[in-house]
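input_18.json, holding JSON, C-alpha atoms:
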[["chain", "number", "residue", "atom", "x", "y", "z"],
["A", 736, "MET", "CA", -9.64, 7.27, 16.44],
["A", 737, "SER", "CA", -9.42, 8.46, 12.83],
["A", 738, "CYS", "CA", -6.02, 8.03, 11.16],
["A", 739, "LEU", "CA", -7.17, 9.31, 7.78],
["A", 740, "HIS", "CA", -10.15, 11.38, 6.70],
["A", 741, "VAL", "CA", -10.52, 12.18, 2.99],
["A", 742, "ASN", "CA", -13.36, 14.67, 2.58],
["A", 743, "ASN", "CA", -14.92, 15.38, -0.83],
["A", 744, "VAL", "CA", -11.57, 15.52, -2.65],
["A", 745, "SER", "CA", -11.43, 16.37, -6.37],
["A", 746, "LYS", "CA", -8.55, 16.91, -8.81],
["A", 747, "GLN", "CA", -8.48, 17.81, -12.50],
["A", 748, "PHE", "CA", -5.62, 17.82, -14.98],
["A", 749, "ILE", "CA", -5.51, 19.59, -18.32],
["A", 750, "ARG", "CA", -4.01, 17.74, -21.27],
["A", 751, "LYS", "CA", -3.08, 19.66, -24.39],
["A", 752, "GLU", "CA", -3.35, 18.14, -27.86],
["A", 753, "GLY", "CA", -2.30, 20.78, -30.35],
["A", 754, "LYS", "CA", -4.54, 23.77, -29.78],
["A", 755, "LYS", "CA", -7.14, 21.75, -27.94],
["A", 756, "LYS", "CA", -7.31, 21.28, -24.20],
["A", 757, "HIS", "CA", -8.88, 18.25, -22.57],
["A", 758, "ILE", "CA", -9.93, 18.21, -18.93],
["A", 759, "ILE", "CA", -9.22, 14.94, -17.14],
["A", 760, "GLN", "CA", -11.16, 14.40, -13.93],
["A", 761, "ALA", "CA", -8.62, 12.26, -12.09],
["A", 762, "VAL", "CA", -10.41, 12.30, -8.71],
["A", 763, "ASP", "CA", -14.07, 13.21, -8.41],
["A", 764, "HIS", "CA", -15.53, 14.06, -4.97],
["A", 765, "VAL", "CA", -13.97, 11.14, -3.11],
["A", 766, "SER", "CA", -14.68, 10.74, 0.61],
["A", 767, "PHE", "CA", -13.76, 8.00, 3.08],
["A", 768, "GLU", "CA", -12.38, 7.53, 6.58],
["A", 769, "LEU", "CA", -9.92, 5.07, 8.05],
["A", 770, "HIS", "CA", -9.67, 4.38, 11.79],
["A", 771, "GLU", "CA", -6.97, 2.94, 13.99],
["A", 772, "GLY", "CA", -6.41, -0.76, 13.28],
["A", 773, "GLU", "CA", -8.58, -0.79, 10.13],
["A", 774, "SER", "CA", -7.46, -1.82, 6.67],
["A", 775, "LEU", "CA", -8.85, -0.45, 3.42],
["A", 776, "GLY", "CA", -8.21, -1.47, -0.17],
["A", 777, "ILE", "CA", -8.69, 0.94, -3.05],
["A", 778, "ILE", "CA", -9.26, -1.01, -6.24],
["A", 779, "GLY", "CA", -9.57, -0.03, -9.86],
["A", 780, "PRO", "CA", -8.08, -0.41, -13.35],
["A", 781, "SER", "CA", -5.25, 1.72, -14.74],
["A", 782, "GLY", "CA", -6.26, 5.35, -15.10],
["A", 783, "CYS", "CA", -9.04, 5.22, -12.51],
["A", 784, "GLY", "CA", -7.39, 7.78, -10.20],
["A", 785, "LYS", "CA", -5.68, 5.53, -7.64],
["A", 786, "THR", "CA", -2.21, 7.04, -8.02],
["A", 787, "THR", "CA", -3.50, 10.62, -8.01],
["A", 788, "LEU", "CA", -5.49, 9.91, -4.86],
["A", 789, "ILE", "CA", -2.58, 8.42, -2.95],
["A", 790, "ASN", "CA", -0.35, 11.35, -4.02],
["A", 791, "ILE", "CA", -2.98, 13.75, -2.68],
["A", 792, "ILE", "CA", -3.03, 11.85, 0.60],
["A", 793, "LEU", "CA", 0.77, 12.04, 0.79],
["A", 794, "GLY", "CA", 0.67, 15.76, 0.09],
["A", 795, "GLN", "CA", 2.58, 15.47, -3.19],
["A", 796, "ILE", "CA", -0.39, 16.83, -5.16],
["A", 797, "LYS", "CA", -2.73, 19.57, -3.98],
["A", 798, "PRO", "CA", -6.44, 18.83, -4.56],
["A", 799, "ASP", "CA", -8.61, 21.35, -6.41],
["A", 800, "SER", "CA", -11.21, 21.01, -3.67],
["A", 801, "GLY", "CA", -11.87, 19.01, -0.53],
["A", 802, "SER", "CA", -9.51, 18.21, 2.31],
["A", 803, "VAL", "CA", -7.33, 15.46, 3.76],
["A", 804, "HIS", "CA", -6.76, 15.06, 7.50],
["A", 805, "LYS", "CA", -4.24, 12.38, 8.41],
["A", 806, "SER", "CA", -2.04, 11.04, 11.14],
["A", 807, "PRO", "CA", 1.36, 12.78, 11.28],
["A", 808, "SER", "CA", 2.98, 9.35, 11.49],
["A", 809, "ILE", "CA", 2.82, 7.64, 8.07],
["A", 810, "GLY", "CA", 4.81, 4.80, 6.49],
["A", 811, "LEU", "CA", 4.92, 4.23, 2.74],
["A", 812, "VAL", "CA", 5.65, 1.06, 0.76],
["A", 813, "GLY", "CA", 6.04, 1.71, -2.98],
["A", 814, "GLN", "CA", 5.49, -0.63, -5.88],
["A", 815, "ASP", "CA", 9.04, -0.84, -7.26],
["A", 816, "PRO", "CA", 11.38, -2.76, -4.95],
["A", 817, "TYR", "CA", 14.22, -2.37, -7.50],
["A", 818, "SER", "CA", 14.49, 1.42, -7.41],
["A", 819, "SER", "CA", 13.36, 2.18, -3.85],
["A", 820, "LEU", "CA", 16.64, 1.23, -2.15],
["A", 821, "CYS", "CA", 20.02, 2.95, -2.37],
["A", 822, "PRO", "CA", 22.34, 0.47, -4.17],
["A", 823, "THR", "CA", 25.30, 1.29, -1.90],
["A", 824, "MET", "CA", 23.47, 1.12, 1.43],
["A", 825, "THR", "CA", 23.30, -2.15, 3.36],
["A", 826, "VAL", "CA", 19.97, -3.54, 4.51],
["A", 827, "GLU", "CA", 20.52, -2.59, 8.15],
["A", 828, "LYS", "CA", 21.41, 1.00, 7.25],
["A", 829, "ALA", "CA", 18.51, 1.31, 4.80],
["A", 830, "VAL", "CA", 16.08, 0.19, 7.50],
["A", 831, "ALA", "CA", 17.64, 2.44, 10.16],
["A", 832, "GLU", "CA", 17.74, 5.52, 7.91],
["A", 833, "PRO", "CA", 14.15, 6.74, 8.62],
["A", 834, "LEU", "CA", 14.87, 6.81, 12.37],
["A", 835, "ILE", "CA", 17.94, 8.97, 11.82],
["A", 836, "PHE", "CA", 16.26, 11.18, 9.20],
["A", 837, "LEU", "CA", 13.39, 11.90, 11.59],
["A", 838, "LYS", "CA", 15.95, 12.49, 14.38],
["A", 839, "LYS", "CA", 14.54, 9.74, 16.57],
["A", 840, "ARG", "CA", 18.04, 8.30, 16.84],
["A", 841, "LYS", "CA", 21.46, 9.92, 16.39],
["A", 842, "SER", "CA", 23.43, 7.04, 14.89],
["A", 843, "PHE", "CA", 23.05, 3.69, 13.18],
["A", 844, "ARG", "CA", 24.49, 2.00, 16.27],
["A", 845, "GLN", "CA", 21.62, 3.33, 18.39],
["A", 846, "CYS", "CA", 19.16, 1.75, 15.93],
["A", 847, "GLN", "CA", 20.56, -1.77, 15.94],
["A", 848, "ARG", "CA", 18.09, -3.40, 18.34],
["A", 849, "GLU", "CA", 15.06, -1.93, 16.55],
["A", 850, "VAL", "CA", 16.48, -2.88, 13.16],
["A", 851, "GLU", "CA", 17.06, -6.45, 14.29],
["A", 852, "GLU", "CA", 13.49, -6.73, 15.60],
["A", 853, "ILE", "CA", 11.81, -5.33, 12.50],
["A", 854, "LEU", "CA", 13.93, -7.44, 10.14],
["A", 855, "GLU", "CA", 12.92, -10.54, 12.08],
["A", 856, "PHE", "CA", 9.29, -9.42, 11.80],
["A", 857, "VAL", "CA", 9.50, -9.34, 7.98],
["A", 858, "ASN", "CA", 11.35, -12.68, 7.93],
["A", 859, "LEU", "CA", 14.79, -11.28, 7.08],
["A", 860, "GLY", "CA", 17.13, -12.35, 9.87],
["A", 861, "TRP", "CA", 19.58, -9.56, 10.70],
["A", 862, "GLY", "CA", 22.50, -11.99, 10.94],
["A", 863, "VAL", "CA", 21.94, -13.16, 7.36],
["A", 864, "TYR", "CA", 20.64, -10.05, 5.64],
["A", 865, "GLY", "CA", 21.85, -7.08, 7.70],
["A", 866, "ASN", "CA", 25.07, -6.46, 5.75],
["A", 867, "ARG", "CA", 23.74, -7.35, 2.30],
["A", 868, "LEU", "CA", 23.37, -4.80, -0.49],
["A", 869, "PRO", "CA", 20.22, -4.54, -2.63],
["A", 870, "ALA", "CA", 21.97, -6.27, -5.55],
["A", 871, "GLN", "CA", 22.28, -9.36, -3.34],
["A", 872, "LEU", "CA", 18.52, -9.52, -2.69],
["A", 873, "SER", "CA", 15.61, -10.93, -4.66],
["A", 874, "GLY", "CA", 12.64, -8.76, -5.57],
["A", 875, "GLY", "CA", 10.60, -10.16, -2.70],
["A", 876, "GLU", "CA", 13.42, -9.60, -0.22],
["A", 877, "ARG", "CA", 13.82, -6.01, -1.40],
["A", 878, "GLN", "CA", 10.12, -5.40, -0.92],
["A", 879, "ARG", "CA", 10.31, -6.82, 2.60],
["A", 880, "VAL", "CA", 13.15, -4.38, 3.31],
["A", 881, "GLY", "CA", 10.83, -1.64, 2.05],
["A", 882, "ILE", "CA", 8.13, -2.79, 4.44],
["A", 883, "ALA", "CA", 10.64, -2.86, 7.30],
["A", 884, "ARG", "CA", 11.69, 0.71, 6.47],
["A", 885, "ALA", "CA", 8.05, 1.79, 6.53],
["A", 886, "LEU", "CA", 7.40, 0.11, 9.90],
["A", 887, "ILE", "CA", 10.59, 1.05, 11.76],
["A", 888, "THR", "CA", 9.15, 4.37, 12.96],
["A", 889, "SER", "CA", 5.97, 2.67, 14.29],
["A", 890, "PRO", "CA", 3.56, 4.65, 12.08],
["A", 891, "SER", "CA", -0.12, 4.78, 12.92],
["A", 892, "LEU", "CA", -0.95, 4.77, 9.19],
["A", 893, "LEU", "CA", 0.70, 2.61, 6.52],
["A", 894, "LEU", "CA", 0.21, 3.30, 2.80],
["A", 895, "LEU", "CA", 0.90, 0.50, 0.33],
["A", 896, "ASP", "CA", 1.02, 1.49, -3.34],
["A", 897, "GLU", "CA", 0.67, -1.62, -5.53],
["A", 898, "PRO", "CA", 3.06, -3.53, -3.23],
["A", 899, "THR", "CA", 3.07, -6.75, -5.28],
["A", 900, "SER", "CA", 2.56, -5.50, -8.85],
["A", 901, "MET", "CA", 6.18, -6.16, -9.91],
["A", 902, "LEU", "CA", 6.49, -9.56, -8.23],
["A", 903, "ASP", "CA", 5.69, -13.04, -9.51],
["A", 904, "GLN", "CA", 3.00, -15.17, -7.91],
["A", 905, "GLU", "CA", 5.25, -17.12, -5.55],
["A", 906, "VAL", "CA", 7.02, -14.01, -4.26],
["A", 907, "LYS", "CA", 3.70, -12.18, -4.02],
["A", 908, "GLY", "CA", 2.55, -14.85, -1.59],
["A", 909, "GLU", "CA", 5.53, -14.07, 0.67],
["A", 910, "ILE", "CA", 4.66, -10.37, 0.72],
["A", 911, "VAL", "CA", 1.00, -11.14, 1.42],
["A", 912, "SER", "CA", 2.07, -13.20, 4.45],
["A", 913, "VAL", "CA", 4.11, -10.27, 5.78],
["A", 914, "ILE", "CA", 1.21, -7.85, 5.30],
["A", 915, "LYS", "CA", -1.16, -10.26, 7.05],
["A", 916, "ALA", "CA", 1.27, -10.41, 9.96],
["A", 917, "ILE", "CA", 1.16, -6.61, 10.18],
["A", 918, "VAL", "CA", -2.63, -6.74, 10.31],
["A", 919, "LYS", "CA", -2.57, -9.38, 13.04],
["A", 920, "LYS", "CA", 0.22, -8.14, 15.31],
["A", 921, "LYS", "CA", 0.38, -4.37, 14.93],
["A", 922, "ASN", "CA", -2.38, -1.88, 15.62],
["A", 923, "THR", "CA", -1.58, -0.01, 12.41],
["A", 924, "ALA", "CA", -4.24, 1.30, 10.07],
["A", 925, "PHE", "CA", -3.31, 0.77, 6.46],
["A", 926, "LEU", "CA", -4.49, 1.76, 3.04],
["A", 927, "MET", "CA", -3.54, -0.39, 0.07],
["A", 928, "VAL", "CA", -3.91, 0.79, -3.51],
["A", 929, "THR", "CA", -3.96, -2.07, -5.99],
["A", 930, "HIS", "CA", -5.54, -3.41, -9.16],
["A", 931, "ASP", "CA", -5.60, -6.89, -7.59],
["A", 932, "ILE", "CA", -9.02, -7.26, -5.96],
["A", 933, "LEU", "CA", -8.24, -10.75, -4.68],
["A", 934, "LEU", "CA", -5.16, -9.48, -2.85],
["A", 935, "ALA", "CA", -7.21, -6.71, -1.24],
["A", 936, "SER", "CA", -10.00, -9.10, -0.25],
["A", 937, "GLU", "CA", -7.54, -11.39, 1.54],
["A", 938, "ILE", "CA", -5.98, -8.58, 3.58],
["A", 939, "CYS", "CA", -8.35, -5.60, 3.90],
["A", 940, "ASP", "CA", -11.48, -5.13, 6.02],
["A", 941, "ARG", "CA", -13.14, -2.94, 3.39],
["A", 942, "ILE", "CA", -12.79, -2.25, -0.32],
["A", 943, "LEU", "CA", -13.50, 0.87, -2.37],
["A", 944, "VAL", "CA", -13.82, 0.49, -6.14],
["A", 945, "LEU", "CA", -12.76, 3.51, -8.21],
["A", 946, "CYS", "CA", -13.80, 4.25, -11.79],
["A", 947, "ASP", "CA", -13.03, 7.52, -13.60],
["A", 948, "GLY", "CA", -12.06, 9.09, -10.30],
["A", 949, "LYS", "CA", -15.31, 8.22, -8.51],
["A", 950, "ILE", "CA", -16.14, 5.65, -5.84],
["A", 951, "ILE", "CA", -18.64, 3.39, -7.58],
["A", 952, "GLU", "CA", -18.84, 0.68, -4.92],
["A", 953, "GLU", "CA", -17.89, 0.35, -1.25],
["A", 954, "ASN", "CA", -18.41, -2.54, 1.13],
["A", 955, "THR", "CA", -16.73, -5.14, 3.31],
["A", 956, "SER", "CA", -14.31, -7.37, 1.46],
["A", 957, "ALA", "CA", -16.57, -10.40, 1.89],
["A", 958, "GLU", "CA", -19.60, -8.57, 0.47],
["A", 959, "ILE", "CA", -17.61, -7.19, -2.45],
["A", 960, "MET", "CA", -16.33, -10.65, -3.39],
["A", 961, "ASN", "CA", -19.60, -12.50, -2.78],
["A", 962, "SER", "CA", -22.14, -9.96, -4.03],
["A", 963, "PRO", "CA", -20.53, -7.38, -6.31],
["A", 964, "VAL", "CA", -22.97, -4.77, -7.57],
["A", 965, "GLN", "CA", -21.13, -2.92, -10.33],
["A", 966, "PRO", "CA", -20.12, -4.53, -13.66],
["A", 967, "LEU", "CA", -16.55, -3.23, -13.22],
["A", 968, "THR", "CA", -16.28, -4.93, -9.83],
["A", 969, "ARG", "CA", -17.48, -8.20, -11.34],
["A", 970, "ASP", "CA", -14.94, -7.81, -14.16],
["A", 971, "LEU", "CA", -12.10, -7.21, -11.69],
["A", 972, "ILE", "CA", -13.08, -10.37, -9.83],
["A", 973, "SER", "CA", -13.41, -12.46, -13.00],
["A", 974, "ILE", "CA", -9.94, -11.53, -14.30],
["A", 975, "SER", "CA", -8.22, -12.15, -10.98],
["A", 976, "THR", "CA", -5.58, -14.80, -11.65],
["A", 977, "ASP", "CA", -6.18, -16.65, -8.39],
["A", 978, "ILE", "CA", -9.96, -16.46, -8.18],
["A", 979, "LYS", "CA", -10.31, -20.25, -8.25],
["A", 980, "SER", "CA", -8.18, -20.54, -5.11],
["A", 981, "TYR", "CA", -10.41, -17.96, -3.42],
["A", 982, "TRP", "CA", -13.56, -19.96, -4.11],
["A", 983, "ASP", "CA", -11.85, -23.21, -3.12],
["A", 984, "LYS", "CA", -10.67, -21.71, 0.16],
["A", 985, "HIS", "CA", -13.91, -20.05, 1.16],
["A", 986, "TYR", "CA", -16.55, -22.40, -0.21],
["A", 987, "LEU", "CA", -15.09, -25.85, -0.89],
["A", 988, "SER", "CA", -12.89, -26.36, 2.16]]
Please re-express this file's structure in structure tokens.
Amino acid sequence: MSCLHVNNVSKQFIRKEGKKKHIIQAVDHVSFELHEGESLGIIGPSGCGKTTLINIILGQIKPDSGSVHKSPSIGLVGQDPYSSLCPTMTVEKAVAEPLIFLKKRKSFRQCQREVEEILEFVNLGWGVYGNRLPAQLSGGERQRVGIARALITSPSLLLLDEPTSMLDQEVKGEIVSVIKAIVKKKNTAFLMVTHDILLASEICDRILVLCDGKIIEENTSAEIMNSPVQPLTRDLISISTDIKSYWDKHYLS
């Protein structure tokens, strides 16, 4: 079953510099499909079109051409765990809020069991963290609350937009463990947009590499890491901060 079908999508922006106009091709005839239970990483440097593409998928930007067909049930995890939570809302209420907003439950009290379960899933025990405010949480804990919020409605498609870009290496490892648990235990398709090709290779079944709005390479994660075709893909692998650990894990263990 297809959870997401992006068909030949393109988007241009016009940038003005004085009297001159410059056309920026942010997304250029991009097509891919994501099925139930699959995971896909979209990789590329800054300015390659990743953000525009995910905003088109979310419906926040209308494409110039092409179409997007997606599951009506979508969860989103953003990249900034410091601005994504209301500073005056406790963890339990922040996680329960999507259920109430979507009118799946009428009150926070009706959500308690589900909130407890999803907080345990992301390794934030309700008894310890339920009544805490965002200011009392670390960056990694805030991002796990964000993941819990995205999962509480049991979406069939999960979008992750640079979920570890603002976290240090140790905390990033915690978030990776949570995402891996989602892959293992929940039949949720997810799309992750990131510049970190190593992160995508550890979590995603497939990887798409974007450059100037175009897909320049697409393959399984193992093939991308072991036999990259495009120079940009090789560059993204070579600058990955943890590439030595990848080789040690997969080839020296």
Rank nothing, just name the residue among A:Gln747, A:Ser802, A:Ser912, A:Ser819 nearest to A:Thr787, using only C-alpha atoms.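 Between A:Gln747, A:Ser802, A:Ser912, A:Ser819, the residue approaching A:Thr787 most closely is A:Gln747.
Within the 12 Å cut-off around A:Pro966, using all atoms listed in the file and omitting residues fewer than 5 positions from it on the same chain, the listed residues are Val944, Cys946, Ile951, Glu952, Ile959, Leu971, Ile972 and Ser973 of chain A.
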For C-alpha atoms, I'd like the residues from the last selection saved as a tab-separated table (two decimals), keeping the file's coordinate frame.
chain	number	residue	atom	x	y	z
A	944	VAL	CA	-13.82	0.49	-6.14
A	946	CYS	CA	-13.80	4.25	-11.79
A	951	ILE	CA	-18.64	3.39	-7.58
A	952	GLU	CA	-18.84	0.68	-4.92
A	959	ILE	CA	-17.61	-7.19	-2.45
A	971	LEU	CA	-12.10	-7.21	-11.69
A	972	ILE	CA	-13.08	-10.37	-9.83
A	973	SER	CA	-13.41	-12.46	-13.00
Residue among A:Leu854, A:Leu895, A:Leu837, A:Val744 lying closest to A:Ser800, counting only C-alpha atoms: A:Val744
Counting only C-alpha atoms, the option among A:Ser975, A:Gln845, A:Ser936, A:Gln871 closest to A:Glu958: A:Ser936
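Reported to one decimal place, the separation of atom CA of A:Thr955 from atom CA of A:Asn790 is 24.4 Å.
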Hey, which of A:Thr888, A:Leu902, A:Cys939, A:Leu967 ends up closest to A:Lys838? Count only C-alpha atoms.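 Nearest candidate to A:Lys838 out of A:Thr888, A:Leu902, A:Cys939, A:Leu967: A:Thr888.
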What does the distance between atom CA of A:Ile791 and atom CA of A:Glu909 come to in Å, to one decimal place? 29.3 Å
Go through A:Ser889, A:Gln795, A:Asn742, A:Ser842 one by one, measure the shortest atom-to-atom distance of each to A:Ala924 using only C-alpha atoms, and give the residue with the smallest value.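 Comparing A:Ser889, A:Gln795, A:Asn742, A:Ser842 against A:Ala924, the winner is A:Ser889.
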Using only C-alpha atoms, which of the listed residues (A:Arg884, A:Ser774, A:Arg879, A:Leu788) sits closest to A:Val850?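 Closest residue, counting only C-alpha atoms: A:Arg884.
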Stretch 857-880 of chain A residues near stretch 897-900 of chain A within 12 Å, closest pair each, using all atoms listed in the file, as CSV:
residue,atom,partner,partner_atom,distance
A:Gly874,CA,A:Thr899,CA,9.8
A:Gly875,CA,A:Thr899,CA,8.7
A:Glu876,CA,A:Thr899,CA,11.9
A:Arg877,CA,A:Pro898,CA,11.2
A:Gln878,CA,A:Pro898,CA,7.7
A:Arg879,CA,A:Pro898,CA,9.9
Interatomic distance (Å, one decimal) between atom CA of A:Glu905 and atom CA of A:Leu934: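 Pair atom CA of A:Glu905 / atom CA of A:Leu934 returns 13.2 Å.
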Do you know which residues are at most 12 Å from A:Met927 counting all atoms listed in the file, after dropping those on the same chain fewer than 4 positions away, and could you put them as JSON, numbers by chain? {"A": [769, 773, 774, 775, 776, 777, 778, 779, 785, 786, 788, 789, 810, 811, 812, 813, 814, 892, 893, 894, 895, 896, 897, 898, 899, 900, 911, 914, 931, 932, 934, 935, 936, 937, 938, 939, 940, 941, 942, 943]}
